[in-house]
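Input: a single structure, listed below in C-alpha cells.
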Amino acid sequence: MSRAETMEKNYNPLASEKAIYETWESKGYFHEEPDPARKPFTIMMPPPNITGQLHLGHALQGAVQDAITRYKRMRGFCTLYLPGTDHASIATEVRIIETLAKEGISKQELGREGFLKRAWDWKKQYGGRIVEQLRSLGVSCDWKRERFTMDEGNNAAVVEVFNRLYEKGLIYQGHRIINWCPVCKTALSDAEVEYESQDGHLWHIRYPLEDGSGEIVVATTRPETMLGDTAVAVHPDDPRYAAMVGKMLILPLVGRRIPVVADSYVEMEFGSGAVKITPAHDPNDYEVGQRHGLEQITVMHEDGTMNENAGAYQGMTAQACRKQLVEDLQAQGFLVRVEDYAHNVGTCYRCHTTVEPMLSKQWFVSMQSLADAANREVRAGKTRFIPDRYSRVYFSYMDNIRDWCISRQLWWGHRIPAWHCQDCGEVTVSRTEVTACPKCGGAVRQDEDVLDTWFSSALWPFATLGWPQKTPDLDYFYPTSLLVTAYDIIFFWVARMIFSGVEQMGEVPFPDVLMTGIVRDAQGRKMSKSLGNGIDPLEVIQTYGADALRFALTMGTTPGNDMRYSQEKIEAARNFSNKIWNASRFVLMGLGDAPVKSIDEVELEPIDGWILTRLGRLIREVTDHMEGYELGMATGKVYDFIWSTFCDWYIEWAKQRLYSDDETKKEAVRAVLVHVLERSLILMHPFMPFVTEKIWDYIPGREEGSLIMASWPEDHPLYHRDEDEEAITAAMDIIRAIRNIRAEMKVPQGKRTRVLILPAHQRAAQSLPMNASAMEKLAYAQSVEFITDKQQVPKGAVGNVCDWAEVFLPLEDLVDIEKEKARLGKEREKLSGDIARAEAKLANPGFTGKAPAAVVEKERENLALNREKLTRLDAQLAALEG
RNA sequence: GGGAUUAUAGCUCAGCUGGUUAGAGCGCUACGUUGACAUCGUAGAGGUCGAUGGUUCGAGUCCAUUUAAUCCCACCA
C-alpha cells in the first residue's frame, strides 16, 4: 500500500497544522543569517499591541506578509520576516487601570514601581498569547529575532534618538495648548484625537461694556470656559463693532475687565460675529492671545475639575460647572438664548472621553525640517504607496505637519531621558543616568513622563536590527523591502517611520508600502466590540483551518480596498483546500510502484502539451502578480487553474491512460500529473502553506524536503514549443467538442446515447479519433463514432456545429423536435448577429487602418469561422425540417 | 470646507497599461452515487457595467458633469 492510500478522504487541517508548523520552525526554515551571495528580502511585522488578541485585521496582514515572504523565499531571496509586539503605552495602561479598578485599587495606591511590575506581568501574559495566536496563522517569521518595543535594544534606540533630536534642537519643552484626556490624565498628540459629531447647544451670552454704552453678545459651546476669558474678538472690518474695539467689557459673573480686540481670525458671518477668547483652553484662542498679548488663565485641573481660578465654581466637574454657570447667567440676565447645535468634539482615541484643550508644559518634536527631508525622499519616489492614492493621505498629513507632542503623563512606556535640577531648574538630557546637576551640582530627578508609544514604533525598522549598534543584520537587512499595513495607521506609524528612517539612517525604511483594507462583517460594518460582530480568527482556524482563513482573506481582494468577511467565503476556501487535497490524493494513489519519470523522458500526447502550456502561462501570470503584490489576482489564477483546468479537464482526461494496460502511456500521464501537481502546490503554497506542505510530504521522492524551501518554478520553453502548437490546437478542439456534446445532452445523463461526429476538416479528421475514448467518457456518451458523410446520419438525429465538426445525436424520441428547432434558431440568430457586427467592423476603414494588425487579423479569422458555422447550422436546420 | 473611495449578474467581489459574444464564488434551475472529492460533477438561467455628455476606429476600462453611499482631513466660537 502506498503512503497516499493513507490519505484521508477529506483534508483535516486540525490534525496537521500544528505539527507542520513545529517542523518548519524546528528545522530553522524561518531563520536566515545575512548571506552576501543572495539578495535580502525584509518585512517587519507591524507589532501587535499586547493589549489585544488576534483579530481579522492581523490575520489579513499576516496572510499578506507571509504569502509575500514565502514567495520571495522560494525565489531564492534571503528572507527576514521579523515579528514582535508593541507595549502600546496608553492602551495597555488604560487596560491595567481597568483591571486594578475591579480589584478596588488605584494606580496611585500601587505606586509607579508596583504598577510597572503589574504591567510587565501583563506583557508576559498577553504578549505571549498574541504570539501564540500569530503562530497558529502559520506565519513564517523568524521567532529568534522576535522583538518588543520596550526590550533593551529598543530602549537604547529610543534614548539615542531622543538625545540626537534634542542635541539638534528638534526636541524641546514648550508651554502650549495640547489635547488633554481627563480620564487617561495625559496629553495626547493631534493624531490621537478622534472627532465625533455630538449634539450640543450654543449659548448666547451678553458681555456688557464697562462704560455702560452697550454690550456684545457672544456664542459658545463650552460656557464654563468663560471663566478663563481674557478678551472678546471681532473682525477688524466689522462695522457693527468698529467703535467698540479697544474698549473694555465686564466678564459676567466674574467681573474681570477684558478688552475687545480686532482679529481677522473671526468670521463676521458666524453667530454674532464676536468670539470670546479663552487662551488657556482653546488652540485658536491661544493664537489670538499670542497676537494680542493676552493673559492665559487656566480654569481647570488635569482631572477636568475646576480649579482656584474658577472662583465659586472651584471643585466642580466641568459638567456641573456648566450647569450651575448657565443657571447663574440666566438668573442674572446675561443669557440671551440657547439653541441646539451639533458640532464636532474631539475625543481620546483610547477611551473616547471628550478631550479638553489645555495649556500645559510638554515635550515636543519640531517637525518641519524632519518632514521636509522625508517628503523630499518620498517625492523622489524612494517610497511608493500601493495603491498610489495613499501617498496623498501621507502628504496631506506631512505637508501640514504640526509639532508632535511626545510626552505622556503615564507610567508604562519609555521614560523621558531628561533630568530636572531641583535647585537651579536646569534640564539635562542624557544617554546615561544623571545623578547630579551638571550646572550647579544640585539634586536631580528624572522627568516623570513617558514617551508617546509611537515614538518607539517609529524606530521599528532599524531598532529591531540592532541600531544604534552597527550590526551585520542592520547592514544587510536595512532598508527593509516592504511594509504591509492598514491605511488607518498612515499618520501614526508610516509617516513617522519614514521621517525617522530618513533622519537616523539617512534613507527611507522601505521602498514599498502595501496598504491593506479593513475587514468588515458580512453586512459591511466595521467589526467592533460594542456591535458584537467581531469574528475570532482562532475559532475560524479551529473550524476551517488557517489555510482556509488565509485564502478567504486574500482571494479576489484588491490592495487598499476594504473587504467583507463572510461564512460563504471561508467555506469556499475550505472547499478549495479539500479540492487540492483530493486532486493530489488521486494523482498520488495512481502512481504505482515505479519511480515517476520526468516529463522529458516520456511520450507526451496533445492533451499533455495543452496542460503544460497552460501551466507555463499560469506560472508567468502568477509570478507577475506576485511581483506587483496583486495577491487577489494571483490566488484567483491559481484557483482557476487547479480547479477548472487541472481537475475538471486534465485529471478526468488522464484517467483513460491511467486505467489502461499500456505502461508507456501510464508512465507518461503519471509524469505529467506529478509535474503539474508539484508546480501547482508551489504556486499555492504562499496562500495555503499547510495543506500544500502536507501533500508535498506524500509525493514520492519529496519526503525529505519541505515545500516551504522549494524553488519557485520557472516557465520552461518545453511547454510551448512551436511543434506542439498543432497538437495543442487539436486538444482544444476536442475540449470544445466535448462541451458541445454535453450541451446537447438535454436528456438525463443516465440515458447515454451514441454520438456521431463528422469532422469538418483534415486536421480534425486526424486528431479526433485518437481521443475517441476520452471523448466518450467525458461527454457521457454511449459511444463516439466518426462518419465521413452526412448520409450516415440517421433520420431524426439532433445536431450541432462547432468550429471543427458537426455532432449528431440520434436521440429520436428522447427530444422534442420543435424545442430543438427553436434552440438552433436562437443560436442562428446570435451567430448572424455576431457576423453582422464583425462585417461592419471590418468594413470600417478606421478600424482596419488604425487597430493593431493582430486585432484585425483575429477579427477576420473569427468572421470566417462563424460564416462557415452558419452554413452548417443552416443545413442542420433544413434537415430538421425535412 | 478640502480630499479620497465605491457604484459591474439575487448577494459578495474581480476585471492591470482601452480591443471580439463582460468573469468568479455563493445562491437559483435541471440533471447526475462515472474506480480523488456531495466540502463533488454536468448543463443552464441571470448583468450592457449608477446617470448624462465627450475623446477614440473601438470604453466597464480614459475625460467632464451628475446622482448615491462610505471614509479621511480640517474645523467657525
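A note on labels: chains of the C-alpha cells are A, B, ... as shown, every chain counts residues from 1, and ligands are counted from 1 in their shown order.
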Hey, which bits of chain B sit within 6 Å of chain A, and for each residue what's the closest pair of atoms and how far apart in Å (one decimal), counting only C-alpha atoms (C1' of nucleotides), rows by chain and increasing number, as a tab-separated table?
```
residue	atom	partner	partner_atom	distance
B:A14	C1'	A:Gly556	CA	5.8
B:C31	C1'	A:Pro748	CA	5.6
B:A36	C1'	A:Phe586	CA	4.1
B:C37	C1'	A:Asn582	CA	5.3
B:U39	C1'	A:Asn575	CA	4.5
B:A43	C1'	A:Ala743	CA	6.0
B:C57	C1'	A:Phe847	CA	3.9
B:A77	C1'	A:Val275	CA	5.5
```
Secondary structure check, strand (DSSP E) residues of range 168-268 of chain A, as a ChimeraX atom specification: /A:171-181,186-188,193-208,215-220,231-234,248-250,257-262
Alpha helix (DSSP H) positions in range 634-870 of chain A, given as a VMD selection string: chain A and resid 634 to 640 652 to 658 663 to 684 689 to 696 725 to 744 762 to 770 772 to 778 817 to 843 845 to 850 853 to 870
Polymer residues at most 12 Å from Thr645 in chain A, only C-alpha atoms (C1' of nucleotides), same-chain spacing of 5 or more positions, as an MDAnalysis selection string: chainID A and resid 583 607 610:615 618 637:640 650:653 676:677 680 732 735
Within 10 Å of range 59-71 of chain B using only C-alpha atoms (C1' of nucleotides), minus same-chain residues under 5 positions, as number ranges by chain: B: 4-8, 15, 18-19, 22, 48-54
Serialized selection, N, CA and C atoms (P, O5', C5', C4', C3', O3' and C1' of nucleotides), as an mmCIF file, in the first residue's frame:
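Contents of out26.cif, as written:
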```cif
data_model
loop_
_atom_site.group_PDB
_atom_site.id
_atom_site.type_symbol
_atom_site.label_atom_id
_atom_site.label_comp_id
_atom_site.auth_asym_id
_atom_site.auth_seq_id
_atom_site.Cartn_x
_atom_site.Cartn_y
_atom_site.Cartn_z
ATOM 1 P P A B 4 -9.334 63.982 -4.937
ATOM 2 O "O5'" A B 4 -9.510 62.571 -4.212
ATOM 3 C "C5'" A B 4 -8.363 61.831 -3.803
ATOM 4 C "C4'" A B 4 -8.790 60.662 -2.954
ATOM 5 C "C3'" A B 4 -9.717 59.660 -3.620
ATOM 6 O "O3'" A B 4 -9.025 58.778 -4.481
ATOM 7 C "C1'" A B 4 -10.492 60.116 -1.437
ATOM 8 P P U B 5 -9.804 58.065 -5.666
ATOM 9 O "O5'" U B 5 -10.664 56.983 -4.892
ATOM 10 C "C5'" U B 5 -10.027 55.948 -4.151
ATOM 11 C "C4'" U B 5 -11.045 55.169 -3.367
ATOM 12 C "C3'" U B 5 -12.155 54.547 -4.198
ATOM 13 O "O3'" U B 5 -11.735 53.324 -4.778
ATOM 14 C "C1'" U B 5 -13.104 55.621 -2.332
ATOM 15 P P U B 6 -12.327 52.896 -6.181
ATOM 16 O "O5'" U B 6 -13.800 52.447 -5.778
ATOM 17 C "C5'" U B 6 -13.997 51.350 -4.892
ATOM 18 C "C4'" U B 6 -15.449 51.276 -4.473
ATOM 19 C "C3'" U B 6 -16.450 51.221 -5.624
ATOM 20 O "O3'" U B 6 -16.587 49.902 -6.134
ATOM 21 C "C1'" U B 6 -17.173 52.799 -4.034
ATOM 22 P P A B 7 -16.924 49.722 -7.692
ATOM 23 O "O5'" A B 7 -18.489 50.066 -7.809
ATOM 24 C "C5'" A B 7 -19.466 49.272 -7.090
ATOM 25 C "C4'" A B 7 -20.785 50.022 -7.151
ATOM 26 C "C3'" A B 7 -21.443 50.039 -8.526
ATOM 27 O "O3'" A B 7 -22.660 49.303 -8.479
ATOM 28 C "C1'" A B 7 -21.334 52.213 -7.566
ATOM 29 P P U B 8 -22.708 47.764 -8.430
ATOM 30 O "O5'" U B 8 -22.084 47.371 -9.840
ATOM 31 C "C5'" U B 8 -22.709 47.781 -11.041
ATOM 32 C "C4'" U B 8 -22.322 46.846 -12.142
ATOM 33 C "C3'" U B 8 -22.507 45.369 -11.804
ATOM 34 O "O3'" U B 8 -23.843 44.959 -12.012
ATOM 35 C "C1'" U B 8 -20.361 45.681 -12.698
ATOM 36 P P G B 15 -9.556 44.359 -9.803
ATOM 37 O "O5'" G B 15 -9.774 44.135 -11.363
ATOM 38 C "C5'" G B 15 -8.949 43.221 -12.095
ATOM 39 C "C4'" G B 15 -9.520 43.021 -13.463
ATOM 40 C "C3'" G B 15 -9.770 44.299 -14.261
ATOM 41 O "O3'" G B 15 -8.601 44.810 -14.861
ATOM 42 C "C1'" G B 15 -11.663 42.932 -14.401
ATOM 43 P P G B 18 -4.989 51.572 -21.994
ATOM 44 O "O5'" G B 18 -6.034 50.632 -21.208
ATOM 45 C "C5'" G B 18 -6.373 49.372 -21.619
ATOM 46 C "C4'" G B 18 -7.732 49.394 -22.293
ATOM 47 C "C3'" G B 18 -7.685 48.793 -23.703
ATOM 48 O "O3'" G B 18 -7.669 47.359 -23.664
ATOM 49 C "C1'" G B 18 -8.986 50.797 -23.681
ATOM 50 P P G B 19 -8.875 46.412 -23.459
ATOM 51 O "O5'" G B 19 -9.429 46.325 -24.941
ATOM 52 C "C5'" G B 19 -10.803 45.928 -25.186
ATOM 53 C "C4'" G B 19 -10.860 45.279 -26.539
ATOM 54 C "C3'" G B 19 -9.918 44.089 -26.633
ATOM 55 O "O3'" G B 19 -10.615 42.853 -26.544
ATOM 56 C "C1'" G B 19 -9.643 45.618 -28.485
ATOM 57 P P A B 22 -20.223 40.181 -23.557
ATOM 58 O "O5'" A B 22 -19.220 39.334 -22.655
ATOM 59 C "C5'" A B 22 -17.835 39.668 -22.645
ATOM 60 C "C4'" A B 22 -17.418 40.080 -21.250
ATOM 61 C "C3'" A B 22 -17.888 39.150 -20.129
ATOM 62 O "O3'" A B 22 -16.958 38.108 -19.988
ATOM 63 C "C1'" A B 22 -18.186 41.423 -19.519
ATOM 64 P P U B 48 -28.441 44.790 -18.310
ATOM 65 O "O5'" U B 48 -26.919 45.025 -18.736
ATOM 66 C "C5'" U B 48 -26.067 45.901 -18.005
ATOM 67 C "C4'" U B 48 -25.100 46.563 -18.959
ATOM 68 C "C3'" U B 48 -25.757 47.685 -19.761
ATOM 69 O "O3'" U B 48 -25.589 48.915 -19.071
ATOM 70 C "C1'" U B 48 -24.591 46.138 -21.208
ATOM 71 P P C B 49 -24.273 49.806 -19.031
ATOM 72 O "O5'" C B 49 -23.961 50.122 -17.503
ATOM 73 C "C5'" C B 49 -24.273 49.243 -16.428
ATOM 74 C "C4'" C B 49 -23.004 48.719 -15.774
ATOM 75 C "C3'" C B 49 -21.892 49.740 -15.571
ATOM 76 O "O3'" C B 49 -21.910 50.040 -14.195
ATOM 77 C "C1'" C B 49 -21.086 47.622 -16.362
ATOM 78 P P G B 50 -21.391 51.367 -13.549
ATOM 79 O "O5'" G B 50 -22.736 52.134 -13.143
ATOM 80 C "C5'" G B 50 -23.858 51.363 -12.735
ATOM 81 C "C4'" G B 50 -24.977 52.304 -12.394
ATOM 82 C "C3'" G B 50 -25.251 53.373 -13.439
ATOM 83 O "O3'" G B 50 -26.063 52.911 -14.481
ATOM 84 C "C1'" G B 50 -25.149 54.361 -11.298
ATOM 85 P P A B 51 -25.904 53.511 -15.950
ATOM 86 O "O5'" A B 51 -26.412 55.004 -15.751
ATOM 87 C "C5'" A B 51 -27.791 55.275 -15.526
ATOM 88 C "C4'" A B 51 -28.017 56.767 -15.559
ATOM 89 C "C3'" A B 51 -27.498 57.463 -16.811
ATOM 90 O "O3'" A B 51 -28.438 57.408 -17.867
ATOM 91 C "C1'" A B 51 -26.745 58.621 -14.907
ATOM 92 P P U B 52 -27.892 57.403 -19.412
ATOM 93 O "O5'" U B 52 -27.376 58.896 -19.608
ATOM 94 C "C5'" U B 52 -28.295 59.991 -19.562
ATOM 95 C "C4'" U B 52 -27.544 61.290 -19.656
ATOM 96 C "C3'" U B 52 -26.586 61.419 -20.829
ATOM 97 O "O3'" U B 52 -27.247 61.767 -22.037
ATOM 98 C "C1'" U B 52 -25.519 62.181 -18.868
ATOM 99 P P G B 53 -26.584 61.267 -23.420
ATOM 100 O "O5'" G B 53 -25.302 62.186 -23.533
ATOM 101 C "C5'" G B 53 -25.440 63.580 -23.806
ATOM 102 C "C4'" G B 53 -24.121 64.288 -23.611
ATOM 103 C "C3'" G B 53 -22.980 63.853 -24.512
ATOM 104 O "O3'" G B 53 -23.059 64.404 -25.811
ATOM 105 C "C1'" G B 53 -22.185 64.085 -22.301
ATOM 106 P P G B 54 -22.262 63.634 -27.010
ATOM 107 O "O5'" G B 54 -20.747 63.727 -26.539
ATOM 108 C "C5'" G B 54 -19.955 64.834 -26.908
ATOM 109 C "C4'" G B 54 -18.603 64.803 -26.247
ATOM 110 C "C3'" G B 54 -17.519 64.010 -26.956
ATOM 111 O "O3'" G B 54 -16.982 64.718 -28.052
ATOM 112 C "C1'" G B 54 -17.390 63.621 -24.623
#
```
